[in-house]
Number of protein chains: 4
Amino acid sequence: MIIMEAGATKEQVEHVVKEIKRFGLRADVSRGEFRTVIGLIGDERKIPFEHFAALPGVKEARMIETPYKLISQEYGKLFEGESEHRIVKVGDIEIGGDKPVFIAGPCAVESREQLLRIAEDAKRAGAHILRGGIFKPRSSVHSFQGLGSVGWQEAEEALAWLREAGERFDLAVVTEVRGETQVDLAAEYADILQIGSRNMYNQDLLIKVARTKKPVLFKRHFGAGIEEFLSFAEYIAAEGNKDIILCERGILPVGKGKSYTRYTLDLASVPTIQKETYLPIIVDPSHATGRRDLIFKMSCAAIAAGASGLMVEMHYNPAEALVDAQQAITPEELGDLISACQKIYQLIAPGRNKN
Amino acid sequence: MIIMEAGATKEQVEHVVKEIKRFGLRADVSRGEFRTVIGLIGDERKIPFEHFAALPGVKEARMIETPYKLISQEYGKLFEGESEHRIVKVGDIEIGGDKPVFIAGPCAVESREQLLRIAEDAKRAGAHILRGGIFKPRSSVHSFQGLGSVGWQEAEEALAWLREAGERFDLAVVTEVRGETQVDLAAEYADILQIGSRNMYNQDLLIKVARTKKPVLFKRHFGAGIEEFLSFAEYIAAEGNKDIILCERGILPVGKGKSYTRYTLDLASVPTIQKETYLPIIVDPSHATGRRDLIFKMSCAAIAAGASGLMVEMHYNPAEALVDAQQAITPEELGDLISACQKIYQLIAPGRNKN
Amino acid sequence: MIIMEAGATKEQVEHVVKEIKRFGLRADVSRGEFRTVIGLIGDERKIPFEHFAALPGVKEARMIETPYKLISQEYGKLFEGESEHRIVKVGDIEIGGDKPVFIAGPCAVESREQLLRIAEDAKRAGAHILRGGIFKPRSSVHSFQGLGSVGWQEAEEALAWLREAGERFDLAVVTEVRGETQVDLAAEYADILQIGSRNMYNQDLLIKVARTKKPVLFKRHFGAGIEEFLSFAEYIAAEGNKDIILCERGILPVGKGKSYTRYTLDLASVPTIQKETYLPIIVDPSHATGRRDLIFKMSCAAIAAGASGLMVEMHYNPAEALVDAQQAITPEELGDLISACQKIYQLIAPGRNKN
Amino acid sequence: MIIMEAGATKEQVEHVVKEIKRFGLRADVSRGEFRTVIGLIGDERKIPFEHFAALPGVKEARMIETPYKLISQEYGKLFEGESEHRIVKVGDIEIGGDKPVFIAGPCAVESREQLLRIAEDAKRAGAHILRGGIFKPRSSVHSFQGLGSVGWQEAEEALAWLREAGERFDLAVVTEVRGETQVDLAAEYADILQIGSRNMYNQDLLIKVARTKKPVLFKRHFGAGIEEFLSFAEYIAAEGNKDIILCERGILPVGKGKSYTRYTLDLASVPTIQKETYLPIIVDPSHATGRRDLIFKMSCAAIAAGASGLMVEMHYNPAEALVDAQQAITPEELGDLISACQKIYQLIAPGRNKN
């Protein structure tokens, strides 16, 4: 990490970047309000920090050992200024700000009518962002993979419905990209691109998505520890894209016998991650539990644990949904949930940046 | 399960019990306000239910398939009357009632002075029950095992301090029993006997503790699924002791790399278990996270998930504690935590018995 | 699944396929020695099997419930004829045949010299296939990602070295593809394409690789159960590519405390999978244990468990390797290992297809 | 650890022990062929090693950091002399010696006839030790808990059958103790006392069993890492009982979906543990897999991994067994298995103490 002096010139910064490349690494230039910080991408053990410390305009040059440097609290404090946490902005929606953000919508987009109706319901219930799956990762090749897998034309049509629904009801829209070839198309229509749990380790996809410069909703893999999760988020940051919204969505269950929930929602990951990085983190109780009757309580718990928002599957008629019908809630349930969560968020607000 | 008619006589009940024994099973007689229900302990496939259905005073006789029958919602509804949930009473403290219950105290009892001071602090902060470990399960034979392992006399002395501290500051007291030989002694002094996580599978200990008829604080093993946890709680219930307070305290972490918390706090187990059984469930965020700086948020989250109370390690000077110093909070932090949790409990109260 | 009569004509098969498409599913036509079987890809509940049973040339039409149908024993028995197991052929190498197959080579290709020298060593030690990583998945963006990530030209150069080394020492060659864009290039040079553990869930990559019609070395994800592993292998089979070599390489460790191995090698998966599918399965003890000093014993154990081969990292000077130095063995160690494994393979051969 | 000089007198050893007690720790005196080593039980940080180094007869005094000291390779090398591995002797049976040892028998003792017949079958198949469960740990209070749970008299009767069967067919006998009160009785009849998986953490039971001075068959808990497993074995060693036979029996499965085996057999634990301690380790493939059709291959694999023996459930009519019928093999299968395992054991013998 190279910290530039307050008055460092553009040329001095460029010189440092050139030197970093000369040693075989890449540079991440972060310009904060008061100073510029340059993160290093690659093996820092190759870098003679004393050489860099002596370059003109450099205030300090030192190694950071953690595998996630560019998204770490330590790095963020330098360029985010006073705040330790970054607010990811999507239009006038602020994720990580002083209000919780709610993402709602169907698991899979099925038709224009379905989507418009759900979008209207979501807006009325108080949601800010509309979700809708078009490229669906599925555990079985024999299951419905979303309209995106029917054909290229169907994919684009569905993306256009998503855009339309968002615009009509003043909701930002997010959709998942599952493979590299889908990224450019999806980026034309969506405000936020989602990388699903099963693709957390897919570094080529991460890089491709990062380069769109769109905000990225990045889900933890169900077999990943927190260090791994953040180390892969670093792949996105290393492309210069820090608009990363982390998402906890449950990890593999432990123990023998019947499974009562799909995954184990690891809510302690929320405050833990908030101490490690400056990125906002939200929670998806729908995929975590897979049970409609647990969504309300686990949503309240997620917000009480400090989450900046929730991503919830909602359908006007859950039983009718083509995918994951058993975990969607109704618009009325969504309204109740948002209302309770907002109260809890206010209640714990004073302690949010405390322990 | 044998459901007796409302007006069944004592003799009719006794006759059914005798018949059950004749088929090689044991009977659990639960007398509710309106009717008596008789649970079967053993392999129900050996029972000719049609024979029992025809006995005088019997309203209905049928098999329950789940491995935890005597603590199931289905069974509880019959004898607990209107309420689906049981309130475990310890003096005038109600666990599972309309207020959250807080258990606080040191990990290990170290001295009379330490304990009296912590008890006073706990009371002032709003706690209801004092905890203090005397027989400590430890992962290493080379670690301090609690005063109970120093000698029998030291064990009794420490138990007496616990009793004294509880009486002086009007707190109920709970302590863990680790081996069968400790049960009778501990039962003389403690209001509640705790069975720790590592002993969840120790069925001989469970039976011995159950027979004291004291309320039992029963912790989930960190490798146990919910079905196993409840199946072992059934060992306690099968001795006729239904005063069981379940406790979620974290399960094994998943994934590679650095561990940020000691265990993974599985908060979805709270509402899940509340749907399966009529027993109250509390949460121990101290052992689950092992991190003082996460206790506040995870306590709020536990209460928001519907827990009936918390068990928290507290010390006037955490750094000084002989055991688990890094996870104890201060009396002031306990006060803040209790206050926030009480507000959240009220907030979600209307939805507590909803989804 | 549609089983055709022995004498069914090409037209009759085509008609069935057309009918399948009419119902919105895809068809997998497998022509065995004695009969043709048609597997269905998609949701079989939409299919009126009685309609298909009545079509000309059809002997039997019925539903298969498992999520992996096209690779199942049941399906394989029909078209593989007498044998329950498929032999995947790469040149004159038979994987799944009556001799164990050994894949060896460096974790990462570093230079032409390194690779040629290791290839020569591998051949001399008795290996059949040369491995060499060019597109390396890594947990940290700051680590060396293989020559394939340096640039397109470097990637192709390294692939050419691999081809050259294979040809010079009469070894087939295998390399991993990490992203969709790398598949076509790698397929020009490699005999077998590997899909690494972290990409097991990457269905777009699986489809892309399957379509090259090259044999696929498909590794289990460290968080995947066997059902999931086979369900994703089905994505490859559904593209008409049954030349799948499954590979067990260790799953997430369980329990607290120090990790002595990188992963837990799940050797019971070997005979389990052999009972579920007709595909051959090999074992990678290098990534599973991450410890050079355990490779010999775990290789012997893998073969004793019934594995059809091994994939082992080897380097003439393990300490020098840029990636995973601590898990590579020397050429001499490889020779000893191959010799011991061949003896064990013969020893258990009579029981191979028994329990 | 205090290493005495070769010619240290008994008085000098006693003096060191007295000094250790003065500092609040306990001493483990291990007399080897050439020297005496004194291990410390308790917190070594309290010990002024320089003081001990200066005591008469002391050659060296230093701290060992690992939580398992008394069973470590480092400690064992000093008093076991040349060999790095201890042979546990039960009559003329040597566990950890140059032949593999086979323990076989029914899951649960059901009757005298059943046991005598199985003992005869086991002997004929080549087994050395007869197993038979009398105090059965079960996940459900509603399942058969073994004859030991029927009553005290039934327990003693079953133990006498076990003794009789062992004597008649020249087999040593092993049985599990589940609770502290069963230890003295079982020790009167059994040659080896088993501590089952679920009791691995039950330190009071471990101490009670260790004090009988009988060899202890100690099973790993299914949720325990290797460090924990060895740390609890240390509880036994700390009572002066080093006749510990470790047993790997499978750990919790990882991943979603159907379970094909009861547990995940962690065979890499075998060579790993052999590098950490001097104790012998055997494998129980019956409980690990829960599948009769996998026992042969997993037994071969266990021996190939270096195990010193196997513990296998056998029944003349598996389908008839009251407990775990699906995992018992027949006497004929046991004979085949023993024969194959003996060949593999010889094959890998030269490499046993190598990597």
# chains A, B, ... in the order shown; residues from 1 in each chain; ligands from 1
>>> interface_residues(of="chain A", to="chain C", cutoff="8 Å", atoms="only C-alpha atoms", output="count of residues only")
31
>>> calpha_fit_and_write(fixed="chain C", moving="chain A", output="short mmCIF file (atom, residue, chain, number, x, y, z; two decimals) with C-alpha atoms, in the first residue's frame")
data_model
loop_
_atom_site.label_atom_id
_atom_site.label_comp_id
_atom_site.auth_asym_id
_atom_site.auth_seq_id
_atom_site.Cartn_x
_atom_site.Cartn_y
_atom_site.Cartn_z
CA MET A 1 -36.33 -43.15 -20.68
CA ILE A 2 -37.40 -44.73 -23.96
CA ILE A 3 -35.99 -48.18 -24.79
CA MET A 4 -36.22 -49.02 -28.47
CA GLU A 5 -36.77 -52.51 -29.81
CA ALA A 6 -33.72 -54.38 -31.06
CA GLY A 7 -34.77 -53.92 -34.69
CA ALA A 8 -35.96 -50.32 -34.43
CA THR A 9 -35.18 -48.31 -37.55
CA LYS A 10 -33.37 -45.01 -37.73
CA GLU A 11 -36.64 -43.36 -38.74
CA GLN A 12 -38.42 -44.75 -35.72
CA VAL A 13 -35.71 -43.34 -33.45
CA GLU A 14 -35.93 -39.99 -35.16
CA HIS A 15 -39.66 -39.97 -34.76
CA VAL A 16 -39.36 -40.54 -31.02
CA VAL A 17 -36.82 -37.71 -30.77
CA LYS A 18 -39.15 -35.38 -32.65
CA GLU A 19 -41.99 -36.26 -30.33
CA ILE A 20 -39.82 -35.59 -27.28
CA LYS A 21 -39.02 -32.12 -28.63
CA ARG A 22 -42.71 -31.51 -29.23
CA PHE A 23 -43.23 -31.92 -25.48
CA GLY A 24 -40.50 -29.38 -24.73
CA LEU A 25 -37.71 -31.74 -23.71
CA ARG A 26 -34.41 -32.72 -25.28
CA ALA A 27 -33.38 -36.26 -26.23
CA ASP A 28 -30.17 -38.14 -25.51
CA VAL A 29 -29.82 -40.96 -28.02
CA SER A 30 -27.50 -43.71 -26.86
CA ARG A 31 -26.79 -46.46 -29.32
CA GLY A 32 -25.50 -49.62 -27.67
CA GLU A 33 -24.43 -52.86 -29.25
CA PHE A 34 -27.83 -54.43 -28.95
CA ARG A 35 -30.29 -51.59 -28.63
CA THR A 36 -30.87 -47.87 -28.67
CA VAL A 37 -31.95 -46.05 -25.54
CA ILE A 38 -33.26 -42.51 -25.50
CA GLY A 39 -32.83 -40.46 -22.36
CA LEU A 40 -34.92 -37.40 -21.67
CA ILE A 41 -33.44 -34.04 -20.69
CA GLY A 42 -35.87 -31.82 -18.85
CA ASP A 43 -38.88 -32.25 -16.63
CA GLU A 44 -40.14 -35.81 -17.29
CA ARG A 45 -43.40 -35.11 -15.50
CA LYS A 46 -44.54 -33.35 -18.66
CA ILE A 47 -44.23 -36.54 -20.69
CA PRO A 48 -47.16 -38.91 -21.34
CA PHE A 49 -45.17 -42.12 -21.23
CA GLU A 50 -48.11 -44.24 -22.36
CA HIS A 51 -48.15 -42.21 -25.59
CA PHE A 52 -44.48 -42.94 -26.18
CA ALA A 53 -44.84 -46.61 -25.30
CA ALA A 54 -47.26 -46.92 -28.19
CA LEU A 55 -44.98 -45.38 -30.82
CA PRO A 56 -43.59 -47.73 -33.49
CA GLY A 57 -40.27 -49.33 -32.56
CA VAL A 58 -40.59 -48.49 -28.84
CA LYS A 59 -40.18 -51.39 -26.46
CA GLU A 60 -40.60 -49.55 -23.19
CA ALA A 61 -41.11 -45.98 -21.97
CA ARG A 62 -40.83 -44.97 -18.34
CA MET A 63 -39.80 -42.24 -15.95
CA ILE A 64 -36.47 -42.21 -14.08
CA GLU A 65 -36.67 -40.18 -10.88
CA THR A 66 -33.02 -39.56 -10.03
CA PRO A 67 -31.51 -36.13 -10.90
CA TYR A 68 -28.73 -37.97 -12.71
CA LYS A 69 -30.30 -40.22 -15.27
CA LEU A 70 -27.98 -40.19 -18.24
CA ILE A 71 -24.98 -41.29 -16.22
CA SER A 72 -26.82 -43.74 -13.98
CA GLN A 73 -26.05 -47.44 -13.73
CA GLU A 74 -29.60 -48.16 -14.80
CA TYR A 75 -29.26 -46.22 -18.04
CA GLY A 76 -25.72 -47.40 -18.72
CA LYS A 77 -26.57 -51.06 -18.38
CA LEU A 78 -28.90 -50.75 -21.31
CA PHE A 79 -26.48 -49.33 -23.83
CA GLU A 80 -23.09 -50.28 -22.46
CA GLY A 81 -24.12 -53.87 -22.93
CA GLU A 82 -22.72 -56.45 -20.57
CA SER A 83 -20.39 -54.18 -18.69
CA GLU A 84 -21.74 -51.92 -16.01
CA HIS A 85 -18.80 -49.57 -16.36
CA ARG A 86 -17.68 -47.36 -19.18
CA ILE A 87 -14.09 -47.23 -20.30
CA VAL A 88 -13.07 -43.71 -21.32
CA LYS A 89 -10.46 -44.00 -24.06
CA VAL A 90 -7.76 -41.42 -24.67
CA GLY A 91 -5.64 -42.74 -27.50
CA ASP A 92 -4.76 -46.20 -26.34
CA ILE A 93 -5.12 -45.33 -22.66
CA GLU A 94 -8.16 -46.84 -21.04
CA ILE A 95 -9.56 -45.15 -17.94
CA GLY A 96 -11.81 -47.55 -16.08
CA GLY A 97 -10.23 -50.62 -17.62
CA ASP A 98 -8.22 -53.44 -16.13
CA LYS A 99 -5.16 -51.36 -15.28
CA PRO A 100 -4.94 -48.27 -13.12
CA VAL A 101 -4.13 -45.02 -14.90
CA PHE A 102 -1.68 -42.48 -13.51
CA ILE A 103 -1.76 -38.77 -14.26
CA ALA A 104 1.24 -36.83 -13.07
CA GLY A 105 2.91 -33.49 -13.59
CA PRO A 106 3.44 -30.07 -12.10
CA CYS A 107 0.71 -28.04 -10.47
CA ALA A 108 1.52 -25.12 -12.76
CA VAL A 109 3.41 -25.05 -16.05
CA GLU A 110 6.30 -22.68 -15.51
CA SER A 111 8.58 -23.11 -18.53
CA ARG A 112 9.21 -25.39 -21.48
CA GLU A 113 12.29 -26.82 -19.79
CA GLN A 114 10.46 -27.52 -16.54
CA LEU A 115 7.68 -29.28 -18.38
CA LEU A 116 9.85 -31.41 -20.64
CA ARG A 117 11.94 -32.54 -17.71
CA ILE A 118 8.90 -33.44 -15.62
CA ALA A 119 7.28 -35.21 -18.57
CA GLU A 120 10.36 -37.36 -19.02
CA ASP A 121 10.40 -38.15 -15.31
CA ALA A 122 6.69 -38.96 -15.32
CA LYS A 123 7.03 -41.33 -18.26
CA ARG A 124 9.95 -43.10 -16.68
CA ALA A 125 8.05 -43.51 -13.41
CA GLY A 126 5.20 -45.21 -15.25
CA ALA A 127 2.64 -42.43 -15.67
CA HIS A 128 0.27 -42.39 -18.65
CA ILE A 129 -0.99 -38.82 -18.73
CA LEU A 130 0.79 -35.51 -18.17
CA ARG A 131 -0.96 -32.78 -16.22
CA GLY A 132 0.05 -29.13 -16.19
CA GLY A 133 -1.93 -26.10 -15.02
CA ILE A 134 -1.99 -23.07 -17.30
CA PHE A 135 -5.21 -21.38 -16.16
CA LYS A 136 -4.94 -21.71 -12.39
CA PRO A 137 -7.89 -21.00 -10.10
CA ARG A 138 -6.50 -19.32 -7.00
CA SER A 139 -8.08 -18.20 -3.76
CA SER A 140 -6.28 -14.89 -3.90
CA VAL A 141 -6.10 -12.44 -6.75
CA HIS A 142 -2.63 -11.65 -5.41
CA SER A 143 -1.29 -15.16 -6.18
CA PHE A 144 0.20 -16.44 -9.42
CA GLN A 145 -2.71 -17.49 -11.65
CA GLY A 146 -0.73 -19.52 -14.16
CA LEU A 147 0.83 -18.49 -17.45
CA GLY A 148 -2.64 -18.42 -18.97
CA SER A 149 -3.46 -15.32 -16.96
CA VAL A 150 -0.38 -13.45 -18.10
CA GLY A 151 -1.79 -13.06 -21.58
CA TRP A 152 -3.33 -14.86 -24.49
CA GLN A 153 0.00 -15.43 -26.20
CA GLU A 154 1.60 -16.85 -23.08
CA ALA A 155 -1.39 -19.15 -22.68
CA GLU A 156 -1.04 -20.54 -26.17
CA GLU A 157 2.70 -20.94 -25.80
CA ALA A 158 2.27 -22.92 -22.59
CA LEU A 159 -0.38 -25.09 -24.20
CA ALA A 160 2.01 -25.81 -27.05
CA TRP A 161 4.72 -26.89 -24.58
CA LEU A 162 2.23 -29.25 -23.00
CA ARG A 163 1.37 -30.75 -26.40
CA GLU A 164 5.07 -31.03 -27.27
CA ALA A 165 5.96 -32.69 -23.96
CA GLY A 166 3.11 -35.15 -24.38
CA GLU A 167 4.11 -36.07 -27.89
CA ARG A 168 7.79 -36.36 -27.16
CA PHE A 169 7.28 -38.73 -24.23
CA ASP A 170 4.17 -40.50 -25.46
CA LEU A 171 1.89 -39.17 -22.77
CA ALA A 172 -1.65 -37.92 -23.20
CA VAL A 173 -2.08 -34.42 -21.79
CA VAL A 174 -4.70 -32.80 -19.59
CA THR A 175 -5.10 -29.18 -18.54
CA GLU A 176 -7.70 -27.23 -16.64
CA VAL A 177 -10.02 -24.65 -18.19
CA ARG A 178 -11.22 -22.07 -15.73
CA GLY A 179 -13.39 -19.79 -17.84
CA GLU A 180 -15.57 -20.20 -20.92
CA THR A 181 -13.30 -18.15 -23.16
CA GLN A 182 -10.39 -20.53 -22.60
CA VAL A 183 -12.16 -23.67 -23.76
CA ASP A 184 -11.69 -23.53 -27.52
CA LEU A 185 -8.00 -22.71 -27.26
CA ALA A 186 -7.28 -25.41 -24.72
CA ALA A 187 -9.24 -27.97 -26.73
CA GLU A 188 -6.83 -27.46 -29.65
CA TYR A 189 -3.90 -28.65 -27.55
CA ALA A 190 -5.12 -30.93 -24.77
CA ASP A 191 -6.40 -34.51 -24.98
CA ILE A 192 -8.52 -34.13 -21.86
CA LEU A 193 -10.04 -30.95 -20.47
CA GLN A 194 -10.23 -30.61 -16.72
CA ILE A 195 -12.96 -28.79 -14.82
CA GLY A 196 -11.60 -27.94 -11.41
CA SER A 197 -13.26 -28.26 -8.06
CA ARG A 198 -14.16 -24.57 -7.78
CA ASN A 199 -15.96 -24.72 -11.14
CA MET A 200 -18.05 -27.82 -10.47
CA TYR A 201 -21.18 -25.65 -10.19
CA ASN A 202 -20.32 -23.53 -13.24
CA GLN A 203 -22.92 -24.97 -15.56
CA ASP A 204 -22.16 -22.64 -18.46
CA LEU A 205 -18.53 -23.80 -18.43
CA LEU A 206 -19.61 -27.43 -18.16
CA ILE A 207 -21.78 -27.13 -21.24
CA LYS A 208 -19.09 -25.33 -23.20
CA VAL A 209 -16.50 -27.98 -22.34
CA ALA A 210 -18.88 -30.85 -23.03
CA ARG A 211 -19.50 -29.56 -26.52
CA THR A 212 -15.83 -29.90 -27.48
CA LYS A 213 -16.51 -33.67 -27.35
CA LYS A 214 -13.15 -34.09 -25.62
CA PRO A 215 -12.98 -36.35 -22.57
CA VAL A 216 -13.65 -34.29 -19.44
CA LEU A 217 -11.88 -34.74 -16.12
CA PHE A 218 -14.52 -33.50 -13.71
CA LYS A 219 -13.60 -32.74 -10.12
CA ARG A 220 -15.97 -32.74 -7.16
CA HIS A 221 -16.40 -29.43 -5.37
CA PHE A 222 -15.16 -29.51 -1.79
CA GLY A 223 -18.59 -28.50 -0.51
CA ALA A 224 -20.61 -30.83 -2.70
CA GLY A 225 -22.40 -34.00 -1.68
CA ILE A 226 -22.30 -36.94 -4.06
CA GLU A 227 -25.79 -36.32 -5.37
CA GLU A 228 -24.83 -32.78 -6.36
CA PHE A 229 -21.57 -33.92 -7.91
CA LEU A 230 -23.37 -36.41 -10.13
CA SER A 231 -26.17 -33.97 -10.91
CA PHE A 232 -23.62 -31.55 -12.34
CA ALA A 233 -21.84 -34.32 -14.26
CA GLU A 234 -25.23 -34.80 -15.83
CA TYR A 235 -24.89 -31.33 -17.42
CA ILE A 236 -21.95 -32.71 -19.40
CA ALA A 237 -23.74 -35.91 -20.32
CA ALA A 238 -26.79 -33.94 -21.43
CA GLU A 239 -24.66 -32.44 -24.22
CA GLY A 240 -24.09 -35.94 -25.54
CA ASN A 241 -20.62 -36.24 -24.03
CA LYS A 242 -20.33 -39.34 -21.83
CA ASP A 243 -16.53 -39.37 -21.76
CA ILE A 244 -16.48 -38.12 -18.22
CA ILE A 245 -13.76 -39.06 -15.75
CA LEU A 246 -14.96 -38.20 -12.25
CA CYS A 247 -12.36 -37.15 -9.71
CA GLU A 248 -12.55 -37.14 -5.92
CA ARG A 249 -10.19 -34.51 -4.48
CA GLY A 250 -11.29 -33.97 -0.91
CA ILE A 251 -14.08 -32.17 0.85
CA LEU A 252 -14.23 -29.55 3.59
CA PRO A 253 -12.77 -30.65 6.90
CA VAL A 254 -15.03 -31.04 9.92
CA GLY A 255 -14.21 -29.96 13.44
CA LYS A 256 -12.36 -27.32 15.37
CA GLY A 257 -8.69 -26.70 15.77
CA LYS A 258 -5.65 -27.08 13.58
CA SER A 259 -6.07 -28.56 10.10
CA TYR A 260 -3.57 -31.29 9.41
CA THR A 261 -4.64 -31.78 5.79
CA ARG A 262 -6.04 -29.30 3.28
CA TYR A 263 -9.24 -31.25 2.75
CA THR A 264 -10.82 -34.51 3.88
CA LEU A 265 -10.31 -37.19 1.27
CA ASP A 266 -13.68 -38.96 1.02
CA LEU A 267 -12.61 -42.35 -0.27
CA ALA A 268 -15.97 -44.00 0.35
CA SER A 269 -17.20 -41.80 -2.48
CA VAL A 270 -15.27 -44.06 -4.86
CA PRO A 271 -17.25 -47.30 -4.39
CA THR A 272 -20.42 -45.33 -3.72
CA ILE A 273 -20.19 -43.53 -7.05
CA GLN A 274 -19.29 -46.76 -8.83
CA LYS A 275 -22.61 -48.15 -7.69
CA GLU A 276 -24.54 -45.10 -8.85
CA THR A 277 -23.03 -44.49 -12.26
CA TYR A 278 -21.16 -46.24 -15.04
CA LEU A 279 -18.47 -43.54 -15.19
CA PRO A 280 -14.90 -44.16 -14.03
CA ILE A 281 -13.64 -42.32 -10.97
CA ILE A 282 -10.08 -41.40 -10.06
CA VAL A 283 -8.57 -39.72 -7.00
CA ASP A 284 -6.31 -36.69 -6.51
CA PRO A 285 -4.44 -37.22 -3.23
CA SER A 286 -2.23 -34.17 -3.78
CA HIS A 287 -4.92 -31.50 -3.48
CA ALA A 288 -6.87 -33.57 -0.96
CA THR A 289 -4.09 -33.78 1.58
CA GLY A 290 -1.78 -30.96 0.57
CA ARG A 291 1.00 -32.97 2.22
CA ARG A 292 3.74 -34.72 0.35
CA ASP A 293 4.29 -37.14 3.27
CA LEU A 294 0.75 -38.53 3.02
CA ILE A 295 0.59 -39.05 -0.75
CA PHE A 296 1.94 -42.61 -0.79
CA LYS A 297 -0.47 -44.02 1.77
CA MET A 298 -3.50 -42.17 0.49
CA SER A 299 -2.71 -43.29 -3.07
CA CYS A 300 -2.59 -46.91 -1.94
CA ALA A 301 -5.84 -46.40 -0.04
CA ALA A 302 -7.54 -44.84 -3.06
CA ILE A 303 -6.63 -47.76 -5.28
CA ALA A 304 -7.69 -50.22 -2.58
CA ALA A 305 -11.04 -48.41 -2.42
CA GLY A 306 -11.44 -49.18 -6.12
CA ALA A 307 -10.31 -46.03 -7.90
CA SER A 308 -9.46 -46.40 -11.59
CA GLY A 309 -6.47 -44.13 -11.34
CA LEU A 310 -4.73 -41.28 -9.62
CA MET A 311 -3.79 -37.71 -10.38
CA VAL A 312 -0.62 -36.71 -8.56
CA GLU A 313 1.51 -33.58 -8.53
CA MET A 314 5.14 -34.32 -9.23
CA HIS A 315 8.18 -32.09 -9.59
CA TYR A 316 11.88 -32.91 -9.91
CA ASN A 317 12.45 -30.37 -7.18
CA PRO A 318 9.26 -29.85 -5.22
CA ALA A 319 10.63 -26.99 -3.14
CA GLU A 320 11.15 -25.00 -6.32
CA ALA A 321 7.56 -25.19 -7.59
CA LEU A 322 5.78 -21.84 -7.86
CA VAL A 323 2.45 -23.27 -6.73
CA ASP A 324 1.67 -25.87 -4.05
CA ALA A 325 5.29 -26.86 -3.48
CA GLN A 326 4.45 -28.63 -0.24
CA GLN A 327 2.32 -31.26 -1.93
CA ALA A 328 4.40 -32.36 -4.91
CA ILE A 329 6.35 -35.62 -4.77
CA THR A 330 9.59 -36.48 -6.53
CA PRO A 331 9.90 -38.74 -9.60
CA GLU A 332 11.35 -41.50 -7.40
CA GLU A 333 8.41 -41.29 -5.02
CA LEU A 334 6.07 -41.42 -8.00
CA GLY A 335 7.72 -44.60 -9.24
CA ASP A 336 7.34 -46.29 -5.85
CA LEU A 337 3.75 -45.17 -5.60
CA ILE A 338 2.83 -46.48 -9.06
CA SER A 339 4.48 -49.78 -8.37
CA ALA A 340 2.66 -50.28 -5.04
CA CYS A 341 -0.65 -49.18 -6.51
CA GLN A 342 -0.40 -51.57 -9.42
CA LYS A 343 0.08 -54.46 -7.01
CA ILE A 344 -2.90 -53.44 -4.91
CA TYR A 345 -5.02 -53.00 -8.01
CA GLN A 346 -4.26 -56.58 -9.06
CA LEU A 347 -4.87 -57.84 -5.56
CA ILE A 348 -8.36 -56.42 -5.32
CA ALA A 349 -9.16 -56.92 -9.01
CA PRO A 350 -11.31 -60.04 -8.51
CA GLY A 351 -13.47 -58.14 -6.06
CA ARG A 352 -13.65 -54.94 -8.10
CA ASN A 353 -17.11 -55.56 -9.41
CA LYS A 354 -18.28 -57.27 -6.26
CA ASN A 355 -19.33 -55.49 -3.10
#
>>> select_by_dssp(residues="range 163-202 of chain D", states="strand (DSSP E)", output="PyMOL selection string")
chain D and resi 172-176+192-195
>>> select_by_dssp(residues="range 147-251 of chain B", states="alpha helix (DSSP H)", output="count of residues only")
44
>>> decode(residues="range 321-330 of chain C", atoms="C-alpha atoms", output="CSV table (one decimal), in the first residue's frame")
chain,number,residue,atom,x,y,z
C,321,ALA,CA,7.5,-25.2,-7.6
C,322,LEU,CA,5.8,-21.8,-7.9
C,323,VAL,CA,2.4,-23.3,-6.7
C,324,ASP,CA,1.6,-25.9,-4.1
C,325,ALA,CA,5.3,-26.8,-3.5
C,326,GLN,CA,4.4,-28.6,-0.2
C,327,GLN,CA,2.3,-31.3,-1.9
C,328,ALA,CA,4.4,-32.4,-4.9
C,329,ILE,CA,6.3,-35.6,-4.8
C,330,THR,CA,9.6,-36.5,-6.5
